[in-house]
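As provided, upload.pdb (PDB, C-alpha atoms and all ligand atoms) reads as follows.
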```pdb
ATOM      1  CA  MET G  40     -59.227 150.322  50.401  1.00  0.00           C
ATOM      2  CA  GLY G  41     -57.615 148.685  47.445  1.00  0.00           C
ATOM      3  CA  LEU G  42     -57.414 145.322  49.075  1.00  0.00           C
ATOM      4  CA  GLU G  43     -61.115 145.186  49.910  1.00  0.00           C
ATOM      5  CA  GLU G  44     -61.952 145.958  46.340  1.00  0.00           C
ATOM      6  CA  GLU G  45     -59.663 143.278  45.018  1.00  0.00           C
ATOM      7  CA  MET G  46     -60.965 140.678  47.433  1.00  0.00           C
ATOM      8  CA  LYS G  47     -64.565 140.929  46.504  1.00  0.00           C
ATOM      9  CA  GLU G  48     -66.293 138.583  48.875  1.00  0.00           C
ATOM     10  CA  THR G  49     -69.865 137.902  48.047  1.00  0.00           C
ATOM     11  CA  SER G  50     -72.432 136.649  50.490  1.00  0.00           C
ATOM     12  CA  GLU G  51     -73.761 134.230  47.919  1.00  0.00           C
ATOM     13  CA  SER G  52     -74.421 130.765  49.251  1.00  0.00           C
ATOM     14  CA  VAL G  53     -73.429 127.910  47.015  1.00  0.00           C
ATOM     15  CA  TYR G  54     -73.996 124.183  47.171  1.00  0.00           C
ATOM     16  CA  PRO G  55     -72.172 121.128  45.776  1.00  0.00           C
ATOM     17  CA  GLY G  56     -72.163 121.165  41.983  1.00  0.00           C
ATOM     18  CA  LYS G  57     -73.367 124.765  41.732  1.00  0.00           C
ATOM     19  CA  GLN G  58     -71.987 126.538  38.660  1.00  0.00           C
ATOM     20  CA  ILE G  59     -69.950 129.539  39.814  1.00  0.00           C
ATOM     21  CA  ALA G  60     -68.158 130.776  36.724  1.00  0.00           C
ATOM     22  CA  VAL G  61     -66.627 129.672  33.452  1.00  0.00           C
ATOM     23  CA  ILE G  62     -62.918 128.964  33.284  1.00  0.00           C
ATOM     24  CA  GLU G  63     -62.349 131.822  30.831  1.00  0.00           C
ATOM     25  CA  GLU G  64     -63.461 134.242  33.578  1.00  0.00           C
ATOM     26  CA  PHE G  65     -62.137 132.727  36.784  1.00  0.00           C
ATOM     27  CA  LEU G  66     -59.621 130.119  37.852  1.00  0.00           C
ATOM     28  CA  PRO G  67     -60.760 127.384  40.205  1.00  0.00           C
ATOM     29  CA  GLY G  68     -59.540 127.984  43.778  1.00  0.00           C
ATOM     30  CA  SER G  69     -60.075 125.970  46.936  1.00  0.00           C
ATOM     31  CA  GLY G  70     -63.464 124.345  47.291  1.00  0.00           C
ATOM     32  CA  THR G  71     -64.093 124.330  43.546  1.00  0.00           C
ATOM     33  CA  TYR G  72     -63.535 122.099  40.541  1.00  0.00           C
ATOM     34  CA  VAL G  73     -63.820 122.307  36.781  1.00  0.00           C
ATOM     35  CA  SER G  74     -66.474 120.214  35.100  1.00  0.00           C
ATOM     36  CA  ASP G  75     -67.185 119.488  31.452  1.00  0.00           C
ATOM     37  CA  ASN G  76     -67.471 122.497  29.171  1.00  0.00           C
ATOM     38  CA  GLY G  77     -65.191 124.576  31.405  1.00  0.00           C
ATOM     39  CA  PHE G  78     -67.649 125.354  34.168  1.00  0.00           C
ATOM     40  CA  VAL G  79     -66.168 126.088  37.576  1.00  0.00           C
ATOM     41  CA  ARG G  80     -68.380 124.478  40.219  1.00  0.00           C
ATOM     42  CA  SER G  81     -68.542 124.314  43.980  1.00  0.00           C
ATOM     43  CA  VAL G  82     -67.379 121.231  45.868  1.00  0.00           C
ATOM     44  CA  GLU G  83     -69.364 122.042  48.977  1.00  0.00           C
ATOM     45  CA  THR G  84     -72.008 124.088  50.703  1.00  0.00           C
ATOM     46  CA  GLY G  85     -70.451 127.395  51.663  1.00  0.00           C
ATOM     47  CA  VAL G  86     -69.777 131.015  50.832  1.00  0.00           C
ATOM     48  CA  LEU G  87     -68.425 132.047  47.454  1.00  0.00           C
ATOM     49  CA  THR G  88     -65.457 134.420  47.174  1.00  0.00           C
ATOM     50  CA  LYS G  89     -64.373 136.007  43.904  1.00  0.00           C
ATOM     51  CA  ASN G  90     -60.880 137.520  43.828  1.00  0.00           C
ATOM     52  CA  LEU G  91     -60.984 139.995  40.996  1.00  0.00           C
ATOM     53  CA  LYS G  92     -57.222 140.580  40.968  1.00  0.00           C
ATOM     54  CA  SER G  93     -56.100 136.980  40.725  1.00  0.00           C
ATOM     55  CA  ARG G  94     -59.247 136.047  38.783  1.00  0.00           C
ATOM     56  CA  LYS G  95     -59.805 133.190  41.154  1.00  0.00           C
ATOM     57  CA  VAL G  96     -62.945 131.872  42.785  1.00  0.00           C
ATOM     58  CA  SER G  97     -63.067 129.829  45.973  1.00  0.00           C
ATOM     59  CA  VAL G  98     -65.661 128.435  48.319  1.00  0.00           C
ATOM     60  CA  ALA G  99     -65.227 128.347  52.090  1.00  0.00           C
ATOM     61  CA  PRO G 100     -67.425 126.148  54.271  1.00  0.00           C
ATOM     62  CA  ARG G 101     -69.990 128.285  56.020  1.00  0.00           C
ATOM     63  CA  LYS G 102     -69.234 128.610  59.688  1.00  0.00           C
ATOM     64  CA  ARG G 103     -72.283 128.345  61.830  1.00  0.00           C
ATOM     65  CA  VAL G 104     -73.277 127.980  65.440  1.00  0.00           C
ATOM     66  CA  ASP G 105     -73.746 124.495  66.764  1.00  0.00           C
ATOM     67  CA  LEU G 106     -77.445 124.827  67.377  1.00  0.00           C
ATOM     68  CA  PRO G 107     -80.269 126.588  65.581  1.00  0.00           C
ATOM     69  CA  ARG G 108     -81.294 129.821  67.291  1.00  0.00           C
ATOM     70  CA  ILE G 109     -84.456 131.799  67.847  1.00  0.00           C
ATOM     71  CA  GLY G 110     -85.197 133.786  64.704  1.00  0.00           C
ATOM     72  CA  ASP G 111     -83.537 131.301  62.369  1.00  0.00           C
ATOM     73  CA  GLU G 112     -85.509 130.297  59.308  1.00  0.00           C
ATOM     74  CA  VAL G 113     -85.735 126.544  59.038  1.00  0.00           C
ATOM     75  CA  MET G 114     -86.835 124.051  56.435  1.00  0.00           C
ATOM     76  CA  GLY G 115     -88.153 120.752  57.705  1.00  0.00           C
ATOM     77  CA  VAL G 116     -90.359 117.758  57.065  1.00  0.00           C
ATOM     78  CA  VAL G 117     -93.593 117.031  58.927  1.00  0.00           C
ATOM     79  CA  ILE G 118     -93.282 113.496  60.255  1.00  0.00           C
ATOM     80  CA  SER G 119     -96.557 113.296  62.179  1.00  0.00           C
ATOM     81  CA  LEU G 120     -99.376 115.396  63.589  1.00  0.00           C
ATOM     82  CA  SER G 121    -100.381 115.943  67.196  1.00  0.00           C
ATOM     83  CA  GLY G 122    -103.757 117.598  66.886  1.00  0.00           C
ATOM     84  CA  VAL G 123    -103.214 120.824  64.952  1.00  0.00           C
ATOM     85  CA  PHE G 124     -99.471 120.713  65.604  1.00  0.00           C
ATOM     86  CA  GLY G 125     -96.864 119.123  63.383  1.00  0.00           C
ATOM     87  CA  ASN G 126     -93.854 117.188  64.564  1.00  0.00           C
ATOM     88  CA  VAL G 127     -91.000 118.110  62.247  1.00  0.00           C
ATOM     89  CA  THR G 128     -87.448 117.105  61.576  1.00  0.00           C
ATOM     90  CA  ILE G 129     -85.308 120.116  60.711  1.00  0.00           C
ATOM     91  CA  GLU G 130     -83.398 119.695  57.453  1.00  0.00           C
ATOM     92  CA  SER G 131     -81.787 123.105  57.031  1.00  0.00           C
ATOM     93  CA  VAL G 132     -81.232 126.325  58.976  1.00  0.00           C
ATOM     94  CA  ASN G 133     -81.003 129.632  57.101  1.00  0.00           C
ATOM     95  CA  GLY G 134     -80.487 127.654  53.911  1.00  0.00           C
ATOM     96  CA  VAL G 135     -77.609 125.573  55.276  1.00  0.00           C
ATOM     97  CA  PRO G 136     -78.155 121.819  55.657  1.00  0.00           C
ATOM     98  CA  TYR G 137     -78.538 120.873  59.292  1.00  0.00           C
ATOM     99  CA  LYS G 138     -79.370 117.441  60.619  1.00  0.00           C
ATOM    100  CA  GLY G 139     -80.429 116.028  63.919  1.00  0.00           C
ATOM    101  CA  ALA G 140     -82.897 118.598  65.271  1.00  0.00           C
ATOM    102  CA  LYS G 141     -86.598 118.180  65.791  1.00  0.00           C
ATOM    103  CA  GLY G 142     -89.320 120.684  66.407  1.00  0.00           C
ATOM    104  CA  VAL G 143     -93.001 121.413  66.694  1.00  0.00           C
ATOM    105  CA  LEU G 144     -94.749 123.338  63.941  1.00  0.00           C
ATOM    106  CA  TYR G 145     -97.604 125.668  64.882  1.00  0.00           C
ATOM    107  CA  PRO G 146    -100.456 126.582  62.569  1.00  0.00           C
ATOM    108  CA  THR G 147    -101.226 130.225  61.971  1.00  0.00           C
ATOM    109  CA  ARG G 148    -103.888 131.798  64.139  1.00  0.00           C
ATOM    110  CA  ARG G 149    -106.275 131.569  61.236  1.00  0.00           C
ATOM    111  CA  VAL G 150    -106.644 127.828  61.728  1.00  0.00           C
ATOM    112  CA  ARG G 151    -110.228 126.629  62.053  1.00  0.00           C
ATOM    113  CA  LYS G 152    -111.644 123.411  63.314  1.00  0.00           C
ATOM    114  CA  ASN G 153    -111.067 120.600  60.803  1.00  0.00           C
ATOM    115  CA  GLU G 154    -108.740 122.819  58.810  1.00  0.00           C
ATOM    116  CA  ARG G 155    -105.337 121.296  58.142  1.00  0.00           C
ATOM    117  CA  GLN G 156    -102.484 123.589  57.245  1.00  0.00           C
ATOM    118  CA  PHE G 157     -99.939 120.807  56.713  1.00  0.00           C
ATOM    119  CA  ASP G 158     -99.794 117.035  56.629  1.00  0.00           C
ATOM    120  CA  PRO G 159     -97.190 114.310  57.159  1.00  0.00           C
ATOM    121  CA  GLY G 160     -94.578 114.208  54.413  1.00  0.00           C
ATOM    122  CA  ASP G 161     -94.862 117.922  53.661  1.00  0.00           C
ATOM    123  CA  PHE G 162     -91.730 120.044  53.449  1.00  0.00           C
ATOM    124  CA  ILE G 163     -92.291 123.261  55.379  1.00  0.00           C
ATOM    125  CA  VAL G 164     -90.475 126.561  55.994  1.00  0.00           C
ATOM    126  CA  GLY G 165     -90.909 128.521  59.206  1.00  0.00           C
ATOM    127  CA  VAL G 166     -89.167 130.522  61.914  1.00  0.00           C
ATOM    128  CA  ILE G 167     -87.939 129.316  65.301  1.00  0.00           C
ATOM    129  CA  GLU G 168     -90.002 131.236  67.859  1.00  0.00           C
ATOM    130  CA  SER G 169     -88.568 129.620  70.971  1.00  0.00           C
ATOM    131  CA  ASP G 170     -86.526 126.712  72.224  1.00  0.00           C
ATOM    132  CA  ILE G 171     -88.260 126.207  75.530  1.00  0.00           C
ATOM    133  CA  ASN G 172     -87.923 122.675  76.937  1.00  0.00           C
ATOM    134  CA  ARG G 173     -85.218 121.919  74.367  1.00  0.00           C
ATOM    135  CA  THR G 174     -87.809 121.826  71.612  1.00  0.00           C
ATOM    136  CA  TYR G 175     -87.735 124.107  68.605  1.00  0.00           C
ATOM    137  CA  HIS G 176     -91.092 125.811  68.299  1.00  0.00           C
ATOM    138  CA  VAL G 177     -91.534 126.747  64.649  1.00  0.00           C
ATOM    139  CA  SER G 178     -94.142 129.206  63.426  1.00  0.00           C
ATOM    140  CA  ILE G 179     -95.526 130.247  60.064  1.00  0.00           C
ATOM    141  CA  ARG G 180     -95.028 133.984  60.192  1.00  0.00           C
ATOM    142  CA  ASP G 181     -95.201 135.399  56.684  1.00  0.00           C
ATOM    143  CA  GLY G 182     -95.760 134.555  53.036  1.00  0.00           C
ATOM    144  CA  ARG G 183     -92.422 132.770  52.652  1.00  0.00           C
ATOM    145  CA  HIS G 184     -93.463 130.279  55.270  1.00  0.00           C
ATOM    146  CA  GLY G 185     -95.747 127.272  55.176  1.00  0.00           C
ATOM    147  CA  VAL G 186     -95.798 124.201  52.985  1.00  0.00           C
ATOM    148  CA  ILE G 187     -93.083 124.469  50.345  1.00  0.00           C
ATOM    149  CA  LEU G 188     -93.601 120.987  48.886  1.00  0.00           C
ATOM    150  CA  GLY G 189     -96.580 118.829  49.780  1.00  0.00           C
ATOM    151  CA  ALA G 190     -96.939 115.061  49.819  1.00  0.00           C
ATOM    152  CA  CYS G 191    -100.104 113.319  48.612  1.00  0.00           C
ATOM    153  CA  GLN G 192    -101.806 111.610  51.539  1.00  0.00           C
ATOM    154  CA  GLN G 193    -103.290 109.012  49.198  1.00  0.00           C
ATOM    155  CA  CYS G 194    -100.379 107.911  47.018  1.00  0.00           C
ATOM    156  CA  GLY G 195     -97.307 109.679  48.386  1.00  0.00           C
ATOM    157  CA  ALA G 196     -96.518 111.631  45.212  1.00  0.00           C
ATOM    158  CA  LYS G 197     -95.333 115.245  45.363  1.00  0.00           C
ATOM    159  CA  LEU G 198     -98.176 117.705  44.959  1.00  0.00           C
ATOM    160  CA  GLY G 199     -98.471 120.540  42.497  1.00  0.00           C
ATOM    161  CA  ARG G 200    -100.036 123.894  43.282  1.00  0.00           C
ATOM    162  CA  LYS G 201    -103.349 124.574  41.622  1.00  0.00           C
ATOM    163  CA  ARG G 202    -103.893 128.297  41.336  1.00  0.00           C
ATOM    164  CA  GLY G 203    -107.200 129.966  41.953  1.00  0.00           C
ATOM    165  CA  PRO G 204    -109.016 132.265  44.361  1.00  0.00           C
ATOM    166  CA  ARG G 205    -108.100 129.791  47.052  1.00  0.00           C
ATOM    167  CA  PRO G 206    -105.012 127.851  45.904  1.00  0.00           C
ATOM    168  CA  VAL G 207    -104.937 124.156  46.737  1.00  0.00           C
ATOM    169  CA  LEU G 208    -102.398 121.387  46.383  1.00  0.00           C
ATOM    170  CA  ARG G 209    -103.223 118.791  43.789  1.00  0.00           C
ATOM    171  CA  CYS G 210    -101.765 115.363  43.058  1.00  0.00           C
ATOM    172  CA  GLY G 211    -100.910 114.894  39.410  1.00  0.00           C
ATOM    173  CA  ARG G 212    -100.927 111.136  39.861  1.00  0.00           C
ATOM    174  CA  CYS G 213    -104.207 110.375  41.649  1.00  0.00           C
ATOM    175  CA  GLY G 214    -106.048 113.698  41.499  1.00  0.00           C
ATOM    176  CA  GLU G 215    -106.362 114.164  45.241  1.00  0.00           C
ATOM    177  CA  GLU G 216    -106.684 117.799  46.292  1.00  0.00           C
ATOM    178  CA  ARG G 217    -106.247 119.399  49.656  1.00  0.00           C
ATOM    179  CA  MET G 218    -105.889 122.780  51.242  1.00  0.00           C
ATOM    180  CA  ALA G 219    -102.718 123.837  53.000  1.00  0.00           C
ATOM    181  CA  GLU G 220    -100.937 126.913  54.252  1.00  0.00           C
ATOM    182  CA  ILE G 221     -98.930 127.271  51.047  1.00  0.00           C
ATOM    183  CA  SER G 222     -95.587 129.088  51.029  1.00  0.00           C
ATOM    184  CA  GLY G 223     -95.030 131.765  48.407  1.00  0.00           C
ATOM    185  CA  LEU G 224     -91.872 129.808  47.584  1.00  0.00           C
ATOM    186  CA  TYR G 225     -93.860 126.660  46.783  1.00  0.00           C
ATOM    187  CA  GLY G 226     -91.888 124.161  44.710  1.00  0.00           C
ATOM    188  CA  ARG G 227     -88.565 125.912  45.307  1.00  0.00           C
ATOM    189  CA  LEU G 228     -86.823 123.958  48.018  1.00  0.00           C
ATOM    190  CA  PRO G 229     -84.039 126.054  49.518  1.00  0.00           C
TER     191      PRO G 229
HETATM  192 ZN    ZN U   1    -101.824 111.134  44.910  1.00  0.00          ZN
END
```

Give the structure from the file, written as structure tokens.
Ligand SMILES: [Zn+2]
Amino acid sequence: MGLEEEMKETSESVYPGKQIAVIEEFLPGSGTYVSDNGFVRSVETGVLTKNLKSRKVSVAPRKRVDLPRIGDEVMGVVISLSGVFGNVTIESVNGVPYKGAKGVLYPTRRVRKNERQFDPGDFIVGVIESDINRTYHVSIRDGRHGVILGACQQCGAKLGRKRGPRPVLRCGRCGEERMAEISGLYGRLP
């Protein structure tokens, strides 16, 4: 029992440059470095381990399966539309950067004619529903999902969220507004 308590492994995900501790608290172990002002930071994307006995922190690269799986939460970018569907490139899987996969994004059932839930350039979060025909079919299932950062269709700037009874995305540069299926995590890219 003692060993488990000493080797306190957290499930916290860290990314390059992330501040983990200060040098007075923990020594830098593998996968970490010390920056200005004595901050211990992560070298890479991985899982943080704090050893309370040796007062050392380390970061191990996160092991993951080769391919995204059904049920994985993905973040991606809409590159084009095919009718009400979005063609997306997947940028991360369960918060871990992942390159080279493409998918199709489905609107929620609430979609109406002429209603657009996402547009090209938007960053979206969704869940892989299936991988039939070697395509990742991504759905918007709950409040975390949807557009997490929108792109202005007029000028290309990033859109802000304008609150209200029916929130919309608004361009601070050109004033363009549009509706979207907005994620509850809007503005916080994973
Ligand atoms: Zn604009």

I need the residue set behind the PyMOL selection byres (((not hetatm)) within 9 of (chain U and resi 1)) for this file; please write it as a PDB file with C-alpha atoms, in the frame of the given file.
```
ATOM      1  CA  ALA G 190     -96.939 115.061  49.819  1.00  0.00           C
ATOM      2  CA  CYS G 191    -100.104 113.319  48.612  1.00  0.00           C
ATOM      3  CA  GLN G 192    -101.806 111.610  51.539  1.00  0.00           C
ATOM      4  CA  GLN G 193    -103.290 109.012  49.198  1.00  0.00           C
ATOM      5  CA  CYS G 194    -100.379 107.911  47.018  1.00  0.00           C
ATOM      6  CA  GLY G 195     -97.307 109.679  48.386  1.00  0.00           C
ATOM      7  CA  ALA G 196     -96.518 111.631  45.212  1.00  0.00           C
ATOM      8  CA  LYS G 197     -95.333 115.245  45.363  1.00  0.00           C
ATOM      9  CA  LEU G 198     -98.176 117.705  44.959  1.00  0.00           C
ATOM     10  CA  ARG G 209    -103.223 118.791  43.789  1.00  0.00           C
ATOM     11  CA  CYS G 210    -101.765 115.363  43.058  1.00  0.00           C
ATOM     12  CA  GLY G 211    -100.910 114.894  39.410  1.00  0.00           C
ATOM     13  CA  ARG G 212    -100.927 111.136  39.861  1.00  0.00           C
ATOM     14  CA  CYS G 213    -104.207 110.375  41.649  1.00  0.00           C
ATOM     15  CA  GLY G 214    -106.048 113.698  41.499  1.00  0.00           C
ATOM     16  CA  GLU G 215    -106.362 114.164  45.241  1.00  0.00           C
ATOM     17  CA  GLU G 216    -106.684 117.799  46.292  1.00  0.00           C
TER      18      GLU G 216
END
```

- Of the candidates G:Tyr225, G:Phe162, G:Tyr175, G:Phe78, which shows the shortest atom-to-atom distance to Gly139 of chain G, using all atoms listed in the file? G:Tyr175

- Item | Residue nearest Ser121 of chain G among G:Pro146, G:Asn90, G:Gly185, G:Pro67 (counting all atoms listed in the file) |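 Result for the nearest residue to Ser121 of chain G: G:Pro146.
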
- Written as number ranges by chain, what is the full residue list that the PyMOL selection byres (((chain G and resi 77) around 10) and not hetatm) yields on the file shown? G: 60-63, 72-76, 78-80

- Out of G:Glu154, G:Asp111, G:Glu168, G:Asp181, which residue has the shortest atom-to-atom distance to Gly134 of chain G when counting all atoms listed in the file?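 Closest to Gly134 of chain G, using all atoms listed in the file: G:Asp111.
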
- Message: For the provided coordinates, the residues matched by the PyMOL selection byres (((chain G and resi 96) around 12) and not hetatm) should be stated as a PyMOL selection string.
- Response: chain G and resi 46-49+53+58-73+78-82+86-95+97-99

Could I get segment 55-66 of chain G rebuilt with all heavy atoms, written as a PDB file, in the frame of the given file?
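Generated file (selection_6.pdb):
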```
ATOM      1  N   PRO G  55     -72.994 122.009  46.612  1.00  0.00           N
ATOM      2  CA  PRO G  55     -72.172 121.128  45.776  1.00  0.00           C
ATOM      3  C   PRO G  55     -72.695 121.040  44.344  1.00  0.00           C
ATOM      4  O   PRO G  55     -73.878 120.800  44.118  1.00  0.00           O
ATOM      5  CB  PRO G  55     -72.287 119.777  46.483  1.00  0.00           C
ATOM      6  CG  PRO G  55     -72.550 120.132  47.912  1.00  0.00           C
ATOM      7  CD  PRO G  55     -73.417 121.365  47.855  1.00  0.00           C
ATOM      8  N   GLY G  56     -71.794 121.263  43.391  1.00  0.00           N
ATOM      9  CA  GLY G  56     -72.163 121.165  41.983  1.00  0.00           C
ATOM     10  C   GLY G  56     -72.647 122.471  41.379  1.00  0.00           C
ATOM     11  O   GLY G  56     -72.821 122.578  40.166  1.00  0.00           O
ATOM     12  N   LYS G  57     -72.869 123.472  42.216  1.00  0.00           N
ATOM     13  CA  LYS G  57     -73.367 124.765  41.732  1.00  0.00           C
ATOM     14  C   LYS G  57     -72.354 125.396  40.770  1.00  0.00           C
ATOM     15  O   LYS G  57     -71.163 125.462  41.061  1.00  0.00           O
ATOM     16  CB  LYS G  57     -73.595 125.689  42.933  1.00  0.00           C
ATOM     17  CG  LYS G  57     -73.701 127.152  42.604  1.00  0.00           C
ATOM     18  CD  LYS G  57     -75.124 127.585  42.352  1.00  0.00           C
ATOM     19  CE  LYS G  57     -75.200 129.103  42.222  1.00  0.00           C
ATOM     20  NZ  LYS G  57     -76.499 129.534  41.689  1.00  0.00           N
ATOM     21  N   GLN G  58     -72.847 125.866  39.629  1.00  0.00           N
ATOM     22  CA  GLN G  58     -71.987 126.538  38.660  1.00  0.00           C
ATOM     23  C   GLN G  58     -71.672 127.949  39.137  1.00  0.00           C
ATOM     24  O   GLN G  58     -72.566 128.740  39.388  1.00  0.00           O
ATOM     25  CB  GLN G  58     -72.686 126.595  37.312  1.00  0.00           C
ATOM     26  CG  GLN G  58     -71.833 127.250  36.237  1.00  0.00           C
ATOM     27  CD  GLN G  58     -72.628 127.557  34.987  1.00  0.00           C
ATOM     28  OE1 GLN G  58     -73.479 126.769  34.584  1.00  0.00           O
ATOM     29  NE2 GLN G  58     -72.358 128.706  34.388  1.00  0.00           N
ATOM     30  N   ILE G  59     -70.372 128.255  39.261  1.00  0.00           N
ATOM     31  CA  ILE G  59     -69.950 129.539  39.814  1.00  0.00           C
ATOM     32  C   ILE G  59     -69.486 130.479  38.710  1.00  0.00           C
ATOM     33  O   ILE G  59     -69.775 131.673  38.733  1.00  0.00           O
ATOM     34  CB  ILE G  59     -68.780 129.333  40.801  1.00  0.00           C
ATOM     35  CG1 ILE G  59     -69.216 128.480  41.978  1.00  0.00           C
ATOM     36  CG2 ILE G  59     -68.230 130.658  41.275  1.00  0.00           C
ATOM     37  CD1 ILE G  59     -68.053 127.957  42.800  1.00  0.00           C
ATOM     38  N   ALA G  60     -68.747 129.941  37.768  1.00  0.00           N
ATOM     39  CA  ALA G  60     -68.158 130.776  36.724  1.00  0.00           C
ATOM     40  C   ALA G  60     -67.761 129.864  35.564  1.00  0.00           C
ATOM     41  O   ALA G  60     -67.925 128.646  35.632  1.00  0.00           O
ATOM     42  CB  ALA G  60     -66.922 131.502  37.256  1.00  0.00           C
ATOM     43  N   VAL G  61     -67.258 130.467  34.509  1.00  0.00           N
ATOM     44  CA  VAL G  61     -66.627 129.672  33.452  1.00  0.00           C
ATOM     45  C   VAL G  61     -65.128 129.924  33.524  1.00  0.00           C
ATOM     46  O   VAL G  61     -64.680 130.966  33.985  1.00  0.00           O
ATOM     47  CB  VAL G  61     -67.180 130.030  32.047  1.00  0.00           C
ATOM     48  CG1 VAL G  61     -68.627 129.594  31.920  1.00  0.00           C
ATOM     49  CG2 VAL G  61     -67.045 131.512  31.764  1.00  0.00           C
ATOM     50  N   ILE G  62     -64.370 128.934  33.073  1.00  0.00           N
ATOM     51  CA  ILE G  62     -62.918 128.964  33.284  1.00  0.00           C
ATOM     52  C   ILE G  62     -62.253 130.141  32.565  1.00  0.00           C
ATOM     53  O   ILE G  62     -61.210 130.621  32.985  1.00  0.00           O
ATOM     54  CB  ILE G  62     -62.285 127.610  32.878  1.00  0.00           C
ATOM     55  CG1 ILE G  62     -60.829 127.502  33.352  1.00  0.00           C
ATOM     56  CG2 ILE G  62     -62.345 127.392  31.389  1.00  0.00           C
ATOM     57  CD1 ILE G  62     -60.652 126.460  34.394  1.00  0.00           C
ATOM     58  N   GLU G  63     -62.896 130.652  31.512  1.00  0.00           N
ATOM     59  CA  GLU G  63     -62.349 131.822  30.831  1.00  0.00           C
ATOM     60  C   GLU G  63     -62.384 133.061  31.723  1.00  0.00           C
ATOM     61  O   GLU G  63     -61.611 133.994  31.551  1.00  0.00           O
ATOM     62  CB  GLU G  63     -63.118 132.106  29.531  1.00  0.00           C
ATOM     63  CG  GLU G  63     -62.893 131.084  28.431  1.00  0.00           C
ATOM     64  CD  GLU G  63     -63.775 129.857  28.570  1.00  0.00           C
ATOM     65  OE1 GLU G  63     -64.585 129.796  29.520  1.00  0.00           O
ATOM     66  OE2 GLU G  63     -63.652 128.944  27.733  1.00  0.00           O
ATOM     67  N   GLU G  64     -63.312 133.083  32.688  1.00  0.00           N
ATOM     68  CA  GLU G  64     -63.461 134.242  33.578  1.00  0.00           C
ATOM     69  C   GLU G  64     -62.644 134.108  34.857  1.00  0.00           C
ATOM     70  O   GLU G  64     -61.981 135.040  35.285  1.00  0.00           O
ATOM     71  CB  GLU G  64     -64.930 134.401  34.014  1.00  0.00           C
ATOM     72  CG  GLU G  64     -65.898 134.707  32.913  1.00  0.00           C
ATOM     73  CD  GLU G  64     -67.326 134.695  33.441  1.00  0.00           C
ATOM     74  OE1 GLU G  64     -67.604 133.975  34.433  1.00  0.00           O
ATOM     75  OE2 GLU G  64     -68.155 135.397  32.866  1.00  0.00           O
ATOM     76  N   PHE G  65     -62.752 132.925  35.483  1.00  0.00           N
ATOM     77  CA  PHE G  65     -62.137 132.727  36.784  1.00  0.00           C
ATOM     78  C   PHE G  65     -61.442 131.378  36.863  1.00  0.00           C
ATOM     79  O   PHE G  65     -61.932 130.382  36.327  1.00  0.00           O
ATOM     80  CB  PHE G  65     -63.190 132.801  37.905  1.00  0.00           C
ATOM     81  CG  PHE G  65     -63.671 134.192  38.185  1.00  0.00           C
ATOM     82  CD1 PHE G  65     -64.863 134.646  37.633  1.00  0.00           C
ATOM     83  CD2 PHE G  65     -62.939 135.053  38.998  1.00  0.00           C
ATOM     84  CE1 PHE G  65     -65.311 135.934  37.887  1.00  0.00           C
ATOM     85  CE2 PHE G  65     -63.378 136.342  39.258  1.00  0.00           C
ATOM     86  CZ  PHE G  65     -64.572 136.784  38.700  1.00  0.00           C
ATOM     87  N   LEU G  66     -60.330 131.363  37.598  1.00  0.00           N
ATOM     88  CA  LEU G  66     -59.621 130.119  37.852  1.00  0.00           C
ATOM     89  C   LEU G  66     -60.236 129.430  39.060  1.00  0.00           C
ATOM     90  O   LEU G  66     -60.716 130.091  39.976  1.00  0.00           O
ATOM     91  CB  LEU G  66     -58.137 130.407  38.129  1.00  0.00           C
ATOM     92  CG  LEU G  66     -57.359 131.037  36.968  1.00  0.00           C
ATOM     93  CD1 LEU G  66     -55.998 131.522  37.470  1.00  0.00           C
ATOM     94  CD2 LEU G  66     -57.198 130.030  35.836  1.00  0.00           C
TER      95      LEU G  66
END
```
